[in-house]
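**Student:** This is coords_21.tsv (TSV, C-alpha atoms).
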```
chain	number	residue	atom	x	y	z
A	1	MET	CA	147.37	8.11	75.53
A	2	SER	CA	145.95	9.88	78.53
A	3	ALA	CA	142.86	9.30	80.58
A	4	TRP	CA	140.71	11.88	78.90
A	5	ARG	CA	141.08	10.16	75.61
A	6	ASP	CA	139.58	6.99	77.05
A	7	ALA	CA	136.72	8.87	78.59
A	8	SER	CA	134.43	8.44	75.62
A	9	ILE	CA	130.79	7.86	76.38
A	10	GLY	CA	128.79	6.02	73.78
A	11	GLY	CA	128.96	6.61	70.07
A	12	THR	CA	128.53	10.34	70.06
A	13	THR	CA	132.07	11.04	71.20
A	14	ALA	CA	133.37	9.48	68.03
A	15	TRP	CA	132.88	12.78	66.32
A	16	ALA	CA	134.90	14.62	68.91
A	17	LEU	CA	137.74	12.12	68.85
A	18	GLU	CA	137.81	11.97	65.11
A	19	HIS	CA	137.87	15.73	65.07
A	20	ARG	CA	140.83	15.85	67.35
A	21	TYR	CA	142.75	12.97	65.88
A	22	PRO	CA	142.34	13.37	62.18
A	23	GLN	CA	145.20	11.02	61.42
A	24	ASP	CA	143.48	8.23	63.35
A	25	SER	CA	140.49	8.47	61.12
A	26	PRO	CA	140.33	6.59	57.85
A	27	GLN	CA	137.90	9.02	56.25
A	28	PRO	CA	139.24	11.92	54.25
A	29	ASN	CA	139.29	14.96	56.42
A	30	THR	CA	137.35	17.89	55.13
A	31	HIS	CA	139.30	20.50	57.05
A	32	THR	CA	141.97	22.52	55.40
A	33	SER	CA	145.35	22.86	56.95
A	34	THR	CA	144.65	26.43	57.94
A	35	ASP	CA	141.74	25.34	60.07
A	36	ALA	CA	142.80	26.53	63.47
A	37	GLY	CA	140.83	23.85	65.22
A	38	LEU	CA	142.57	21.18	63.24
A	39	LEU	CA	145.95	22.61	64.11
A	40	HIS	CA	144.95	22.33	67.68
A	41	ALA	CA	143.90	18.76	67.12
A	42	THR	CA	147.10	17.80	65.39
A	43	ALA	CA	149.27	19.35	68.01
A	44	ARG	CA	147.51	17.50	70.76
A	45	ALA	CA	147.96	14.20	69.06
A	46	ASP	CA	151.70	14.73	69.14
A	47	GLY	CA	151.67	13.76	72.77
A	48	LEU	CA	151.74	17.22	74.27
A	49	ASP	CA	149.38	16.37	77.04
A	50	ASP	CA	150.63	18.87	79.51
A	51	ILE	CA	149.39	21.93	77.65
A	52	ASP	CA	147.19	23.14	80.44
A	53	LEU	CA	150.32	23.88	82.39
A	54	TYR	CA	151.04	26.59	79.86
A	55	PRO	CA	148.26	29.15	79.68
A	56	ALA	CA	148.26	30.65	76.22
A	57	HIS	CA	148.85	34.15	77.53
A	58	ASP	CA	152.24	33.23	78.97
A	59	LEU	CA	154.75	35.68	77.61
A	60	ASP	CA	157.32	32.99	77.06
A	61	LEU	CA	156.17	31.01	74.08
A	62	PRO	CA	154.92	27.72	75.41
A	63	PRO	CA	155.70	24.71	73.22
A	64	MET	CA	152.05	24.31	72.42
A	65	MET	CA	151.74	27.77	70.94
A	66	GLU	CA	154.79	27.23	68.81
A	67	ASN	CA	153.15	24.19	67.38
A	68	LEU	CA	150.10	26.20	66.58
A	69	SER	CA	152.04	28.49	64.32
A	70	ILE	CA	155.10	26.87	62.87
A	71	SER	CA	153.70	23.58	61.69
A	72	ASP	CA	151.31	25.18	59.28
A	73	ALA	CA	149.88	28.30	57.81
A	74	PRO	CA	148.92	31.07	60.23
A	75	PRO	CA	145.31	31.84	61.04
A	76	PRO	CA	143.55	33.61	58.20
A	77	MET	CA	144.25	37.14	59.27
A	78	GLN	CA	145.10	40.08	57.15
A	79	GLY	CA	148.18	40.68	59.21
A	80	GLY	CA	149.94	37.63	57.87
A	81	PRO	CA	152.43	35.51	59.73
A	82	GLY	CA	155.07	36.42	62.21
A	83	GLY	CA	153.26	39.10	64.19
A	84	MET	CA	153.25	41.62	61.36
A	85	PRO	CA	150.80	44.35	62.24
A	86	PRO	CA	147.89	44.34	59.81
A	87	PRO	CA	147.85	47.08	57.21
A	88	GLY	CA	146.51	50.25	58.69
A	89	ALA	CA	147.10	49.03	62.22
A	90	LEU	CA	147.78	51.59	64.84
A	91	GLY	CA	150.70	53.68	63.61
A	92	ARG	CA	153.72	53.10	65.80
A	93	PRO	CA	153.84	49.63	67.24
A	94	PRO	CA	152.08	49.87	70.58
A	95	HIS	CA	154.62	48.78	73.11
A	96	GLN	CA	153.46	45.69	74.90
A	97	PRO	CA	150.64	43.87	73.14
A	98	GLN	CA	152.03	43.92	69.61
A	99	GLN	CA	155.09	42.11	70.83
A	100	LEU	CA	152.92	39.22	71.87
A	101	PRO	CA	152.81	36.55	69.17
A	102	ALA	CA	150.02	37.09	66.65
A	103	GLN	CA	148.83	33.51	67.02
A	104	MET	CA	147.81	34.35	70.58
A	105	PHE	CA	145.02	36.44	69.18
A	106	THR	CA	143.02	33.69	67.54
A	107	THR	CA	139.87	31.96	68.61
A	108	ALA	CA	141.91	28.78	68.82
A	109	ALA	CA	144.38	30.20	71.33
A	110	GLN	CA	141.56	31.53	73.49
A	111	LEU	CA	139.70	28.25	73.57
A	112	LEU	CA	142.84	26.21	74.05
A	113	ASP	CA	143.15	27.24	77.72
A	114	LEU	CA	139.57	26.22	78.33
A	115	THR	CA	139.88	22.75	76.84
A	116	ASP	CA	139.24	19.89	79.28
A	117	LYS	CA	138.04	22.34	81.93
A	118	LYS	CA	134.64	22.49	83.54
A	119	LEU	CA	132.69	25.32	81.97
A	120	MET	CA	129.37	27.07	82.24
A	121	ILE	CA	127.95	27.70	78.79
A	122	ALA	CA	125.16	30.21	78.36
A	123	LEU	CA	123.15	29.63	75.19
A	124	ARG	CA	121.16	32.13	73.19
A	125	ASP	CA	117.85	30.57	74.23
A	126	GLY	CA	118.68	31.17	77.90
A	127	ARG	CA	119.79	27.67	78.77
A	128	LYS	CA	122.78	27.21	81.07
A	129	LEU	CA	124.89	24.13	80.53
A	130	LEU	CA	127.66	22.89	82.80
A	131	GLY	CA	130.08	20.47	81.23
A	132	ILE	CA	133.63	19.67	80.27
A	133	LEU	CA	134.87	21.25	77.05
A	134	ARG	CA	136.35	18.49	74.90
A	135	SER	CA	136.54	19.90	71.41
A	136	TRP	CA	135.90	23.07	69.45
A	137	ASP	CA	136.78	24.93	66.30
A	138	GLN	CA	137.32	28.51	65.18
A	139	PHE	CA	133.57	29.27	65.08
A	140	ALA	CA	133.22	28.26	68.74
A	141	ASN	CA	131.28	25.17	67.76
A	142	ILE	CA	131.88	23.12	70.87
A	143	VAL	CA	131.60	19.58	72.22
A	144	LEU	CA	130.74	19.18	75.89
A	145	GLN	CA	131.02	16.02	77.93
A	146	SER	CA	129.11	15.04	81.09
A	147	THR	CA	126.82	17.98	80.54
A	148	LYS	CA	124.27	19.07	83.08
A	149	GLU	CA	121.64	21.66	82.43
A	150	ARG	CA	121.07	23.95	85.39
A	151	ILE	CA	117.67	25.56	85.61
A	152	PHE	CA	117.21	28.59	87.84
A	153	VAL	CA	113.95	29.93	89.18
A	154	PRO	CA	114.29	33.50	90.48
A	155	PRO	CA	112.77	34.45	93.83
A	156	GLY	CA	109.10	35.38	93.77
A	157	THR	CA	108.11	33.02	90.95
A	158	ALA	CA	105.88	31.07	93.30
A	159	PRO	CA	103.94	32.81	96.07
A	160	ASN	CA	105.91	32.84	99.34
A	161	GLN	CA	109.20	32.03	97.69
A	162	PRO	CA	111.74	34.50	99.10
A	163	ARG	CA	114.80	32.70	97.74
A	164	GLY	CA	115.70	31.49	94.28
A	165	LEU	CA	115.75	27.81	93.45
A	166	TYR	CA	117.84	25.73	91.09
A	167	ALA	CA	118.26	22.13	90.02
A	168	ASP	CA	120.57	20.17	87.73
A	169	PHE	CA	119.48	17.78	85.00
A	170	ASP	CA	121.84	15.27	83.41
A	171	ARG	CA	122.06	15.75	79.68
A	172	GLY	CA	125.13	13.81	78.47
A	173	ILE	CA	127.08	14.92	75.43
A	174	PHE	CA	126.38	18.16	73.63
A	175	LEU	CA	127.59	19.45	70.30
A	176	VAL	CA	126.65	23.12	70.23
A	177	ARG	CA	126.72	25.18	67.05
A	178	GLY	CA	128.79	28.30	67.66
A	179	GLU	CA	126.11	30.83	66.79
A	180	ASN	CA	124.06	29.65	69.78
A	181	VAL	CA	126.82	30.30	72.29
A	182	LEU	CA	126.60	33.49	74.34
A	183	LEU	CA	129.58	32.90	76.55
A	184	LEU	CA	131.78	30.23	78.02
A	185	GLY	CA	132.64	30.67	81.68
A	186	GLU	CA	135.47	28.81	83.33
A	187	ILE	CA	134.27	27.62	86.71
A	188	ASP	CA	136.34	28.34	89.79
A	189	LEU	CA	136.43	24.87	91.33
A	190	ASP	CA	136.81	26.35	94.81
A	191	ARG	CA	133.44	28.01	94.49
A	192	ASP	CA	131.78	25.31	92.41
A	193	ASP	CA	130.16	23.46	95.30
A	194	ASP	CA	128.60	26.51	96.92
A	195	PRO	CA	125.11	27.35	95.74
A	196	PRO	CA	124.84	30.77	94.08
A	197	PRO	CA	124.08	33.52	96.61
A	198	GLY	CA	120.35	33.77	97.24
A	199	TYR	CA	119.65	30.40	95.63
A	200	ASP	CA	118.99	26.94	97.07
A	201	LEU	CA	119.14	23.51	95.51
A	202	ALA	CA	115.57	22.25	95.18
A	203	ASN	CA	113.55	19.30	94.00
A	204	PRO	CA	114.06	19.00	90.22
A	205	GLU	CA	110.37	18.44	89.53
A	206	LEU	CA	109.40	21.53	91.47
A	207	VAL	CA	112.02	23.62	89.67
A	208	LEU	CA	110.92	22.28	86.32
A	209	SER	CA	107.26	23.08	86.88
A	210	LEU	CA	108.04	26.56	88.21
A	211	ALA	CA	110.34	27.25	85.28
A	212	LYS	CA	107.64	26.14	82.88
A	213	GLN	CA	105.10	28.38	84.56
A	214	LYS	CA	107.47	31.33	84.36
A	215	LYS	CA	108.16	30.68	80.71
A	216	THR	CA	104.47	30.67	79.83
A	217	GLU	CA	103.98	33.91	81.71
A	218	GLU	CA	106.89	35.53	79.91
A	219	LYS	CA	105.68	34.28	76.57
A	220	SER	CA	102.24	35.81	76.99
A	221	LYS	CA	103.83	39.05	78.20
A	222	GLU	CA	106.09	39.13	75.16
A	223	LYS	CA	103.15	38.41	72.89
A	224	SER	CA	101.07	41.29	74.21
A	225	LYS	CA	104.10	43.57	73.95
A	226	ILE	CA	104.59	42.67	70.29
A	227	LYS	CA	100.90	43.19	69.67
A	228	LYS	CA	100.98	46.64	71.23
A	229	LEU	CA	104.12	47.57	69.32
A	230	SER	CA	102.60	46.47	66.05
A	231	THR	CA	99.61	48.77	66.58
A	232	LEU	CA	102.17	51.58	66.89
A	233	GLY	CA	103.70	50.65	63.58
A	234	PHE	CA	106.67	48.60	64.72
A	235	GLU	CA	107.20	45.64	62.48
A	236	GLY	CA	109.12	43.74	65.11
A	237	GLU	CA	110.89	41.39	62.76
A	238	ASN	CA	113.37	40.40	65.43
A	239	LEU	CA	111.17	40.98	68.43
A	240	GLY	CA	110.47	37.30	68.77
A	241	GLU	CA	114.14	36.46	68.93
A	242	ALA	CA	115.00	38.18	72.18
A	243	LEU	CA	118.19	37.09	73.89
A	244	LEU	CA	117.42	35.57	77.24
A	245	GLY	CA	119.54	35.97	80.33
B	1	MET	CA	141.12	45.10	61.44
B	2	LEU	CA	141.47	48.53	63.03
B	3	PHE	CA	139.37	47.60	66.04
B	4	PHE	CA	141.07	44.26	66.38
B	5	SER	CA	144.40	46.09	66.65
B	6	PHE	CA	142.85	48.66	68.94
B	7	PHE	CA	141.55	46.05	71.35
B	8	LYS	CA	144.94	44.39	71.34
B	9	THR	CA	146.40	47.59	72.79
B	10	LEU	CA	143.94	47.32	75.70
B	11	ILE	CA	145.13	43.89	76.83
B	12	ASP	CA	145.58	43.68	80.61
B	13	HIS	CA	143.29	46.64	81.24
B	14	GLU	CA	140.05	46.45	83.17
B	15	VAL	CA	137.02	46.70	80.90
B	16	THR	CA	133.30	46.18	81.28
B	17	VAL	CA	131.57	44.21	78.56
B	18	GLU	CA	127.87	44.73	78.15
B	19	LEU	CA	126.07	41.92	76.35
B	20	LYS	CA	122.97	42.11	74.22
B	21	ASN	CA	121.02	40.43	77.03
B	22	ASP	CA	121.97	43.33	79.35
B	23	ILE	CA	124.47	41.43	81.48
B	24	GLN	CA	127.49	43.57	82.34
B	25	ILE	CA	130.71	41.75	83.07
B	26	ARG	CA	133.78	43.53	84.38
B	27	GLY	CA	137.18	41.92	84.17
B	28	THR	CA	140.73	42.09	82.89
B	29	LEU	CA	140.89	41.89	79.11
B	30	LYS	CA	143.16	38.96	78.35
B	31	SER	CA	142.63	38.26	74.68
B	32	VAL	CA	140.68	39.25	71.63
B	33	ASP	CA	140.52	37.69	68.17
B	34	GLN	CA	139.51	38.59	64.64
B	35	TYR	CA	135.79	38.13	65.42
B	36	LEU	CA	136.24	40.35	68.48
B	37	ASN	CA	135.53	37.42	70.74
B	38	ILE	CA	136.72	38.58	74.13
B	39	LYS	CA	138.35	36.80	76.98
B	40	LEU	CA	138.13	38.30	80.46
B	41	GLU	CA	139.81	37.17	83.66
B	42	ASP	CA	138.83	37.59	87.30
B	43	ILE	CA	135.38	38.75	86.41
B	44	SER	CA	132.73	40.41	88.51
B	45	VAL	CA	129.17	40.76	87.33
B	46	VAL	CA	127.16	43.94	87.75
B	47	GLU	CA	123.91	43.01	89.55
B	48	GLU	CA	125.33	39.61	90.36
B	49	LEU	CA	122.23	38.41	92.17
B	50	LYS	CA	120.25	38.60	88.95
B	51	TYR	CA	122.61	36.23	87.16
B	52	PRO	CA	123.20	33.28	89.48
B	53	HIS	CA	124.77	31.16	86.76
B	54	LEU	CA	127.87	33.37	86.79
B	55	SER	CA	128.50	33.16	90.52
B	56	ALA	CA	131.20	30.47	90.34
B	57	VAL	CA	132.76	31.70	87.11
B	58	LYS	CA	136.21	33.31	87.18
B	59	ASN	CA	137.21	33.65	83.52
B	60	VAL	CA	134.91	34.07	80.53
B	61	PHE	CA	135.11	33.74	76.80
B	62	ILE	CA	132.46	35.99	75.26
B	63	ARG	CA	131.41	35.46	71.69
B	64	GLY	CA	131.90	38.69	69.76
B	65	SER	CA	128.47	38.49	68.18
B	66	VAL	CA	126.67	38.94	71.51
B	67	VAL	CA	128.55	42.03	72.68
B	68	ARG	CA	126.65	45.30	72.72
B	69	TYR	CA	129.21	47.65	74.28
B	70	VAL	CA	132.70	47.50	75.71
B	71	HIS	CA	133.24	50.16	78.37
B	72	LEU	CA	136.88	51.26	78.17
B	73	PRO	CA	139.13	52.99	80.66
B	74	ALA	CA	139.56	56.45	79.13
B	75	SER	CA	143.13	56.70	80.37
B	76	ALA	CA	144.14	53.62	78.35
B	77	VAL	CA	143.04	55.08	75.02
B	78	ASP	CA	145.62	57.06	73.07
B	79	ILE	CA	143.22	59.28	71.16
B	80	PRO	CA	145.65	61.01	68.73
B	81	LEU	CA	147.04	57.59	67.82
B	82	LEU	CA	143.58	56.21	67.30
B	83	GLU	CA	142.59	59.16	65.13
B	84	ASP	CA	145.73	58.73	63.11
B	85	ALA	CA	145.13	55.02	62.66
B	86	THR	CA	141.52	55.66	61.70
B	87	ARG	CA	142.53	58.09	58.94
B	88	ARG	CA	145.08	55.64	57.71
B	89	GLU	CA	142.53	52.83	57.65
B	90	ALA	CA	140.07	55.07	55.79
B	91	ALA	CA	142.76	55.97	53.25
B	92	ASN	CA	143.55	52.29	52.84
B	93	GLN	CA	139.93	51.43	52.25
B	94	ALA	CA	139.58	54.26	49.74
B	95	GLY	CA	142.68	52.99	47.96
B	96	LYS	CA	141.25	49.50	47.77
B	97	ALA	CA	137.91	50.70	46.42
B	98	LYS	CA	139.59	52.30	43.38
```
Hey, can you dump this file as structure tokens for me?

**Tutor:**
Amino acid sequence: MSAWRDASIGGTTAWALEHRYPQDSPQPNTHTSTDAGLLHATARADGLDDIDLYPAHDLDLPPMMENLSISDAPPPMQGGPGGMPPPGALGRPPHQPQQLPAQMFTTAAQLLDLTDKKLMIALRDGRKLLGILRSWDQFANIVLQSTKERIFVPPGTAPNQPRGLYADFDRGIFLVRGENVLLLGEIDLDRDDDPPPGYDLANPELVLSLAKQKKTEEKSKEKSKIKKLSTLGFEGENLGEALLG
Amino acid sequence: MLFFSFFKTLIDHEVTVELKNDIQIRGTLKSVDQYLNIKLEDISVVEELKYPHLSAVKNVFIRGSVVRYVHLPASAVDIPLLEDATRREAANQAGKAK
């Protein structure tokens, strides 16, 4: 079909392709027909390659969105099919949004616009990945292609370092479990080549060693904080699992 | 489901989403789903210099599980309607429990 389909790298992509083209795969598919991700996959295989021309929030129903809903059961929402407001929804039908098709308000519809775009993915452990979104499902489990990890070192980490530093590291293909995703950011390609304000591209080894040093410092800080808190009677069950920026 | 419906009424309004890691992202609410995942367009980040990874980002999909607060425009919230819907939802839930 199109170029992106041929862009597989190594064996790992097989999962992504199989996921998107269930009918190509000889194995029994474990997804149910209500699986929003699978609906997405099926619709794409029908040769609708030009979906990115139709952002999902278009008021006129793009062909892609119709396929999402009519071919199979609606997403598992209490509201049921056909834009029926869920029981106990806001009394009178609020003018504008409720007229939008219900299938717009699914994880699938939101991720559909982002498919095949270059994204910045922030993970729960603080890592930042830059890659092309190739596949996903309703839990925001995602597959990234040509992934780079970008490591930032804020200013002042090393003595006499007035500006921040960053470097990219090639990582290849990523399959990220949804629970580890903080956010997906669509990159504005016009601004992509400019370094972030206050930051400069630096030698990867230098960035890596500075990042390591910072991490150790933070770890020991965190440890002493937990220790102090525990003397005050705080159990701190979740203290170790802080979300990192 | 009440809050899902409520957020749907705020589509196309400017909101600020505060994440559990303290990042605050302001943008136009474009979509929300049953998990309260949120999609914002034309974002700007509060204290941008602290979060260099968001400097080239224009639209974001935020996983509902990492949201701490959503700051709403007060003028966009129809409070009597919301109160009404809340009572209705409570009555529904009570009916189900029986």

**Student:** Only residues of chain B matter here; which ones have an atom within 9 Å of chain A, counting only C-alpha atoms? Give them as a PDB file with C-alpha atoms, keeping the file's coordinate frame.

**Tutor:**
```pdb
ATOM      1  CA  MET B   1     141.120  45.100  61.440  1.00  0.00           C
ATOM      2  CA  LEU B   2     141.470  48.530  63.030  1.00  0.00           C
ATOM      3  CA  PHE B   3     139.370  47.600  66.040  1.00  0.00           C
ATOM      4  CA  PHE B   4     141.070  44.260  66.380  1.00  0.00           C
ATOM      5  CA  SER B   5     144.400  46.090  66.650  1.00  0.00           C
ATOM      6  CA  PHE B   6     142.850  48.660  68.940  1.00  0.00           C
ATOM      7  CA  LYS B   8     144.940  44.390  71.340  1.00  0.00           C
ATOM      8  CA  THR B   9     146.400  47.590  72.790  1.00  0.00           C
ATOM      9  CA  LEU B  10     143.940  47.320  75.700  1.00  0.00           C
ATOM     10  CA  ILE B  11     145.130  43.890  76.830  1.00  0.00           C
ATOM     11  CA  LEU B  19     126.070  41.920  76.350  1.00  0.00           C
ATOM     12  CA  LYS B  20     122.970  42.110  74.220  1.00  0.00           C
ATOM     13  CA  ASN B  21     121.020  40.430  77.030  1.00  0.00           C
ATOM     14  CA  ASP B  22     121.970  43.330  79.350  1.00  0.00           C
ATOM     15  CA  ILE B  23     124.470  41.430  81.480  1.00  0.00           C
ATOM     16  CA  LYS B  30     143.160  38.960  78.350  1.00  0.00           C
ATOM     17  CA  SER B  31     142.630  38.260  74.680  1.00  0.00           C
ATOM     18  CA  VAL B  32     140.680  39.250  71.630  1.00  0.00           C
ATOM     19  CA  ASP B  33     140.520  37.690  68.170  1.00  0.00           C
ATOM     20  CA  GLN B  34     139.510  38.590  64.640  1.00  0.00           C
ATOM     21  CA  TYR B  35     135.790  38.130  65.420  1.00  0.00           C
ATOM     22  CA  ASN B  37     135.530  37.420  70.740  1.00  0.00           C
ATOM     23  CA  ILE B  38     136.720  38.580  74.130  1.00  0.00           C
ATOM     24  CA  LYS B  39     138.350  36.800  76.980  1.00  0.00           C
ATOM     25  CA  GLU B  48     125.330  39.610  90.360  1.00  0.00           C
ATOM     26  CA  LEU B  49     122.230  38.410  92.170  1.00  0.00           C
ATOM     27  CA  LYS B  50     120.250  38.600  88.950  1.00  0.00           C
ATOM     28  CA  TYR B  51     122.610  36.230  87.160  1.00  0.00           C
ATOM     29  CA  PRO B  52     123.200  33.280  89.480  1.00  0.00           C
ATOM     30  CA  HIS B  53     124.770  31.160  86.760  1.00  0.00           C
ATOM     31  CA  LEU B  54     127.870  33.370  86.790  1.00  0.00           C
ATOM     32  CA  SER B  55     128.500  33.160  90.520  1.00  0.00           C
ATOM     33  CA  ALA B  56     131.200  30.470  90.340  1.00  0.00           C
ATOM     34  CA  VAL B  57     132.760  31.700  87.110  1.00  0.00           C
ATOM     35  CA  LYS B  58     136.210  33.310  87.180  1.00  0.00           C
ATOM     36  CA  ASN B  59     137.210  33.650  83.520  1.00  0.00           C
ATOM     37  CA  VAL B  60     134.910  34.070  80.530  1.00  0.00           C
ATOM     38  CA  PHE B  61     135.110  33.740  76.800  1.00  0.00           C
ATOM     39  CA  ILE B  62     132.460  35.990  75.260  1.00  0.00           C
ATOM     40  CA  ARG B  63     131.410  35.460  71.690  1.00  0.00           C
ATOM     41  CA  GLY B  64     131.900  38.690  69.760  1.00  0.00           C
ATOM     42  CA  SER B  65     128.470  38.490  68.180  1.00  0.00           C
ATOM     43  CA  VAL B  66     126.670  38.940  71.510  1.00  0.00           C
ATOM     44  CA  VAL B  67     128.550  42.030  72.680  1.00  0.00           C
ATOM     45  CA  LEU B  81     147.040  57.590  67.820  1.00  0.00           C
ATOM     46  CA  LEU B  82     143.580  56.210  67.300  1.00  0.00           C
ATOM     47  CA  ASP B  84     145.730  58.730  63.110  1.00  0.00           C
ATOM     48  CA  ALA B  85     145.130  55.020  62.660  1.00  0.00           C
ATOM     49  CA  THR B  86     141.520  55.660  61.700  1.00  0.00           C
ATOM     50  CA  ARG B  87     142.530  58.090  58.940  1.00  0.00           C
ATOM     51  CA  ARG B  88     145.080  55.640  57.710  1.00  0.00           C
ATOM     52  CA  GLU B  89     142.530  52.830  57.650  1.00  0.00           C
ATOM     53  CA  ALA B  90     140.070  55.070  55.790  1.00  0.00           C
ATOM     54  CA  ALA B  91     142.760  55.970  53.250  1.00  0.00           C
ATOM     55  CA  ASN B  92     143.550  52.290  52.840  1.00  0.00           C
TER      56      ASN B  92
END
```

**Student:** So the first atom is atom CA of A:Glu217 and the second is atom CA of A:Pro159; what is the distance between them in Å, to one decimal place?

**Tutor:**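 Calculated distance between atom CA of A:Glu217 and atom CA of A:Pro159 is 14.4 Å.
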
**Student:** For B:Pro73, find every residue with an atom within 10 Å (counting only C-alpha atoms), except residues of its own chain fewer than 6 positions away, and show them as an NGL selection string.

**Tutor:** :B and (10 or 13-16)

**Student:** Put a box with edges along x, y and z around all the listed atoms of stretch 34-52 of chain B, pad it by 4 Å on each side, then give me its centre and sizes in Å, one decimal, as AutoDock Vina command-line options.

**Tutor:**
```
--center_x 130.0 --center_y 38.6 --center_z 78.4 --size_x 27.6 --size_y 18.7 --size_z 35.5
```
